[in-house]
Each structure stands twice: as structure tokens, then as C-alpha cells.
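A quick write-up on the structure given underneath.
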Amino acid sequence: MSVSNFKNIFFVFLGNTIYALGITMFILPSGIITGGTTGLALTFNHYFQVPISLFVFGFNLLMFILGAAVLGKRFALTTLISTFYYPIILGIFQKIPALSQITNDRMLCTICGGIMIGFSIGLVIHAGASTGGMDIPPLVLNKKLGLSVSAMLYVFDCTILILQMTFSNAEQTIYGIVLVMIYSVILDKFLMMGTSQTQVKIISAQYELINQAIQKQLDRGTTFLQAETGYLNVNQPIILSVISNRELVKLNKLVMDIDPKAFIIISHVNEVKGRGFSSQKIYK
């Protein structure tokens with residue numbers, strides 16, 4: 001097994017451990033409702049007194065079988081750790097009284113729990129795995145019926161929240177909605193961490209000097225886009241380049257030193273694939 005695979009397995013274990021800690025320390029003691037498998041477990045625990053860790057284990061096992069049958073063996077291997085490890089570590093943490101006595105402040109529990117859940121799910125997904133459970137039905141529906149995965153995730157989460165509203169007061173419901181919003185934002189931010197870049201388009205009569213300066217001083221590639229000015233109808237190449245966010249100030253100074261009248265268009269891009277970003281740069 002390669003070092004990369006060991007690293008990914010480590011992050012899957014770490015992500016599930018942090019997830020279980022967040023649930024044990026902040027969600028269960030405060031009585032906050034939540035989505036996903038844990039939210040479903042809270043519902044069954046309330047109505048049928050089924051232990052949360054036991055329900056999570058049984059439900060994850062059922063979803064694992066469904067995922068393996070519909071989505072294939074490769075998918076099953078990526079969710080194997082989460083399916084069996086998470087409910088086990090959750091059950092262990094629930095037996096440690098000190099973990100459930102961190103704080104009685106519900107808002108603090110909502111914020112800290114949301115951050116830990118979002119971060120932990122991000123770790124697992126970043127490692128190329130799945131947290132299993134309620135992640136699987138949307139994937140199955142997407143493959144069989146072509147339904148949007150994100151839309152189905154929201155539908156299932158909302159349904160689980162509604163089920164918990166039947167035994168929760170208005171305050172718990174509001175905290176639950178805030179919790180889901182927090183971990184959704186944290187998850188999105190975590191998944192985009194380190195991949196976002198800045199795209200710049202530079203229009204200048206000194207485009208040749210600016211082009212050379214970007215390549216030599218910033219060590220970034222450039223592309224000429226052929227364009228024509230709208231007023232004077234003059235052919236004017238536009239320099240296109242993608243740089244890291246930290247290099248923006250340096251690029252701006254570099255361009256202004258060469259041509260103070262240069263026109264610079266700056267835009268944010270979520271991810272860049274290719275040499276110099278997702279693969280090694282090759283010099284010729």
C-alpha cells in the first residue's frame with residue numbers, strides 16, 4: 001500500500017473521530033436536532049428508545065450493503081471504515097462522562113458542533129471516502145433516476161429535521177437549523193481550501209513587457225487573448241494569467257510599474273487544474 005493510501009486512511013479515521021467527538025461533546029448533551037444519520041438516530045431514540053450508537057451501526061450497515069450493490073465494490077471500499085468505525089467510536093465516547101460536560105451553553109454547542117462536523121466530513125471527503133449513512137441514498141437516486149445529489153441531500157436533511165420537530169421545541173428547532181447551516185458552510189469552505197486561485201486579465205499597450213515580467217518574476221504562465229477595442233477598433237492582445245491569491249499584490253505592483261494606465265480585471269476562480277497547479281510544471 002502506498003504512502004498516499006495510508007495518508008488517506010489516516011484522515012478517514014481522524015475525520016470520523018472528530019465527527020463522533022463533536023456529536024458526543026456538543027450535540028447530544030444540548031439536545032440540538034441535526035440532520036444526517038445522527039438526526040435519524042435521535043428520532044428513533046426518542047420514540048423507540050433505540051441506543052444512538054446501535055441505530056447508527058445498523059443503519060450504516062444497511063446503507064453500506066445498498067451502496068455496494070448499486071454503486072459497486074470501489075465505492076464500498078471507500079465507505080467501509082466510516083460505516084463500522086464511526087458508530088464504534090461514538091459508543092466509546094458516549095461512555096466517557098467528562099465529554100458531555102464541556103458546556104451547557106446551547107449557542108456555543110451549536111457553533112462548536114457545527115465547526116467540528118463540517119471539518120470532519122471535509123476531512124473524510126478530501127481523503128476520497130464517504131461518511132456513509134445518509135450520504136448513500138442521494139448517490140443511489142442520482143445513479144438510478146438522475147436526481148441531483150445536493151438537492152436530495154437537502155431534501156433528506158430537511159425531512160429528518162421535520163421528524164425531530166415533532167418532539168422538539170421551537171428553540172431546539174432554530175438551533176438545529178443554525179447547526180446545519182454552520183456545518184454546510186464549513187464543509188464548503190474546507191473543500192475549497194487551497195484550491196481557489198485568482199484569474200487576471202490585463203489590457204495594456206505594454207503587453208509584451210508585462211507578459212515577460214509575469215513569466216520571469218512570478219513564474220506564472222500567460223496566454224494571449226486576441227481582442228479588439230470597442231471605441232478605436234484597435235487590435236489589442238489581452239494577457240490572461242492565473243495566480244495564487246497571495247501573488248495578487250505583487251502582480252498589481254509589477255503591472256503598474258510598467259504601465260500605470262493598464263486595465264486589470266480580477267476574478268476569483270474556485271479551482272484550477274493543469275500544470276503548475278494540479279500537476280507538476282514542466283520547463284522547456
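To be explicit about the labels: the chains of the C-alpha cells are called A, B, and onward in the order shown, and within each one the residues are counted from 1, while ligands get numbers from 1 in the order they are shown.
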
Self-check item: DSSP-assigned alpha helix (DSSP H) members of range 30-226 of chain A, reported as a count of residues only
Solution: 134

List as a compact mmCIF listing (two decimals) with C-alpha atoms, in the first residue's frame the protein and nucleic acid residues near His268 in chain A, meaning an atom at most 7 Å away when only C-alpha atoms are counted, but skip any in the same chain fewer than 4 places from it.
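What ended up in part.txt:
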```txt
# COMPACT_ATOMS: atom_id res chain seq x y z
CA GLN A 197 -6.97 30.93 -7.27
CA THR A 198 -7.14 34.38 -8.85
CA GLN A 199 -7.61 34.95 -12.57
```

Quiz prompt | Nearest to Ser120 in chain A, chosen from A:Leu161, A:Thr78, A:Arg246, A:Tyr86, with only C-alpha atoms counted in the distances | solution =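 That would be A:Tyr86, the residue with the smallest distance to Ser120 in chain A.
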
Quiz prompt | Selection near range 4-19 of chain A, 8 Å with only C-alpha atoms, sequence-local residues under 4 positions removed, as an MDAnalysis selection string | solution = chainID A and resid 23 81:82 85:86 89:90 116:117 119:124 127:129 131

Using only C-alpha atoms, I'd like a table of the residues in range 139-203 of chain A that come within 9 Å of range 37-43 of chain A; for each, show the closest atom pair and its distance in Å rounded to one decimal, ordered by chain and ascending number, as JSON lines.
```
{"residue": "A:Asp157", "atom": "CA", "partner": "A:Gly39", "partner_atom": "CA", "distance": 8.4}
{"residue": "A:Ile160", "atom": "CA", "partner": "A:Leu40", "partner_atom": "CA", "distance": 6.0}
{"residue": "A:Leu161", "atom": "CA", "partner": "A:Gly39", "partner_atom": "CA", "distance": 7.1}
{"residue": "A:Leu163", "atom": "CA", "partner": "A:Thr43", "partner_atom": "CA", "distance": 6.9}
{"residue": "A:Gln164", "atom": "CA", "partner": "A:Thr43", "partner_atom": "CA", "distance": 5.8}
{"residue": "A:Phe167", "atom": "CA", "partner": "A:Thr43", "partner_atom": "CA", "distance": 8.4}
```

Residues just named, written with all heavy atoms as an mmCIF file, in the first residue's frame:
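So result.cif came out as:
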```
data_model
loop_
_atom_site.group_PDB
_atom_site.id
_atom_site.type_symbol
_atom_site.label_atom_id
_atom_site.label_comp_id
_atom_site.auth_asym_id
_atom_site.auth_seq_id
_atom_site.Cartn_x
_atom_site.Cartn_y
_atom_site.Cartn_z
ATOM 1 N N ASP A 157 -32.122 15.887 4.624
ATOM 2 C CA ASP A 157 -31.811 16.618 5.855
ATOM 3 C C ASP A 157 -33.030 17.359 6.379
ATOM 4 O O ASP A 157 -33.301 17.356 7.585
ATOM 5 C CB ASP A 157 -30.655 17.604 5.615
ATOM 6 C CG ASP A 157 -29.296 16.994 5.922
ATOM 7 O OD1 ASP A 157 -29.259 15.943 6.584
ATOM 8 O OD2 ASP A 157 -28.283 17.555 5.501
ATOM 9 N N ILE A 160 -35.477 14.899 7.907
ATOM 10 C CA ILE A 160 -35.026 14.434 9.224
ATOM 11 C C ILE A 160 -35.228 15.520 10.279
ATOM 12 O O ILE A 160 -35.625 15.241 11.416
ATOM 13 C CB ILE A 160 -33.544 13.999 9.154
ATOM 14 C CG1 ILE A 160 -33.416 12.738 8.288
ATOM 15 C CG2 ILE A 160 -32.985 13.728 10.543
ATOM 16 C CD1 ILE A 160 -31.998 12.368 7.943
ATOM 17 N N LEU A 161 -34.984 16.776 9.916
ATOM 18 C CA LEU A 161 -35.224 17.887 10.843
ATOM 19 C C LEU A 161 -36.711 17.986 11.194
ATOM 20 O O LEU A 161 -37.074 18.228 12.344
ATOM 21 C CB LEU A 161 -34.735 19.201 10.236
ATOM 22 C CG LEU A 161 -33.220 19.420 10.175
ATOM 23 C CD1 LEU A 161 -32.903 20.726 9.471
ATOM 24 C CD2 LEU A 161 -32.623 19.434 11.578
ATOM 25 N N LEU A 163 -38.897 15.559 11.216
ATOM 26 C CA LEU A 163 -39.229 14.447 12.104
ATOM 27 C C LEU A 163 -38.879 14.789 13.551
ATOM 28 O O LEU A 163 -39.634 14.481 14.482
ATOM 29 C CB LEU A 163 -38.469 13.179 11.682
ATOM 30 C CG LEU A 163 -38.946 12.464 10.411
ATOM 31 C CD1 LEU A 163 -37.989 11.332 10.058
ATOM 32 C CD2 LEU A 163 -40.369 11.923 10.606
ATOM 33 N N GLN A 164 -37.752 15.466 13.737
ATOM 34 C CA GLN A 164 -37.319 15.821 15.090
ATOM 35 C C GLN A 164 -38.124 16.986 15.665
ATOM 36 O O GLN A 164 -38.204 17.158 16.889
ATOM 37 C CB GLN A 164 -35.827 16.158 15.094
ATOM 38 C CG GLN A 164 -34.939 14.957 14.806
ATOM 39 C CD GLN A 164 -33.500 15.355 14.561
ATOM 40 O OE1 GLN A 164 -32.719 15.467 15.491
ATOM 41 N NE2 GLN A 164 -33.150 15.592 13.305
ATOM 42 N N PHE A 167 -40.901 16.353 18.368
ATOM 43 C CA PHE A 167 -40.648 16.210 19.800
ATOM 44 C C PHE A 167 -39.679 17.270 20.326
ATOM 45 O O PHE A 167 -39.167 17.165 21.445
ATOM 46 C CB PHE A 167 -40.109 14.798 20.128
ATOM 47 C CG PHE A 167 -38.819 14.450 19.426
ATOM 48 C CD1 PHE A 167 -37.601 14.809 19.956
ATOM 49 C CD2 PHE A 167 -38.843 13.737 18.228
ATOM 50 C CE1 PHE A 167 -36.408 14.460 19.318
ATOM 51 C CE2 PHE A 167 -37.658 13.382 17.580
ATOM 52 C CZ PHE A 167 -36.441 13.754 18.124
#
```
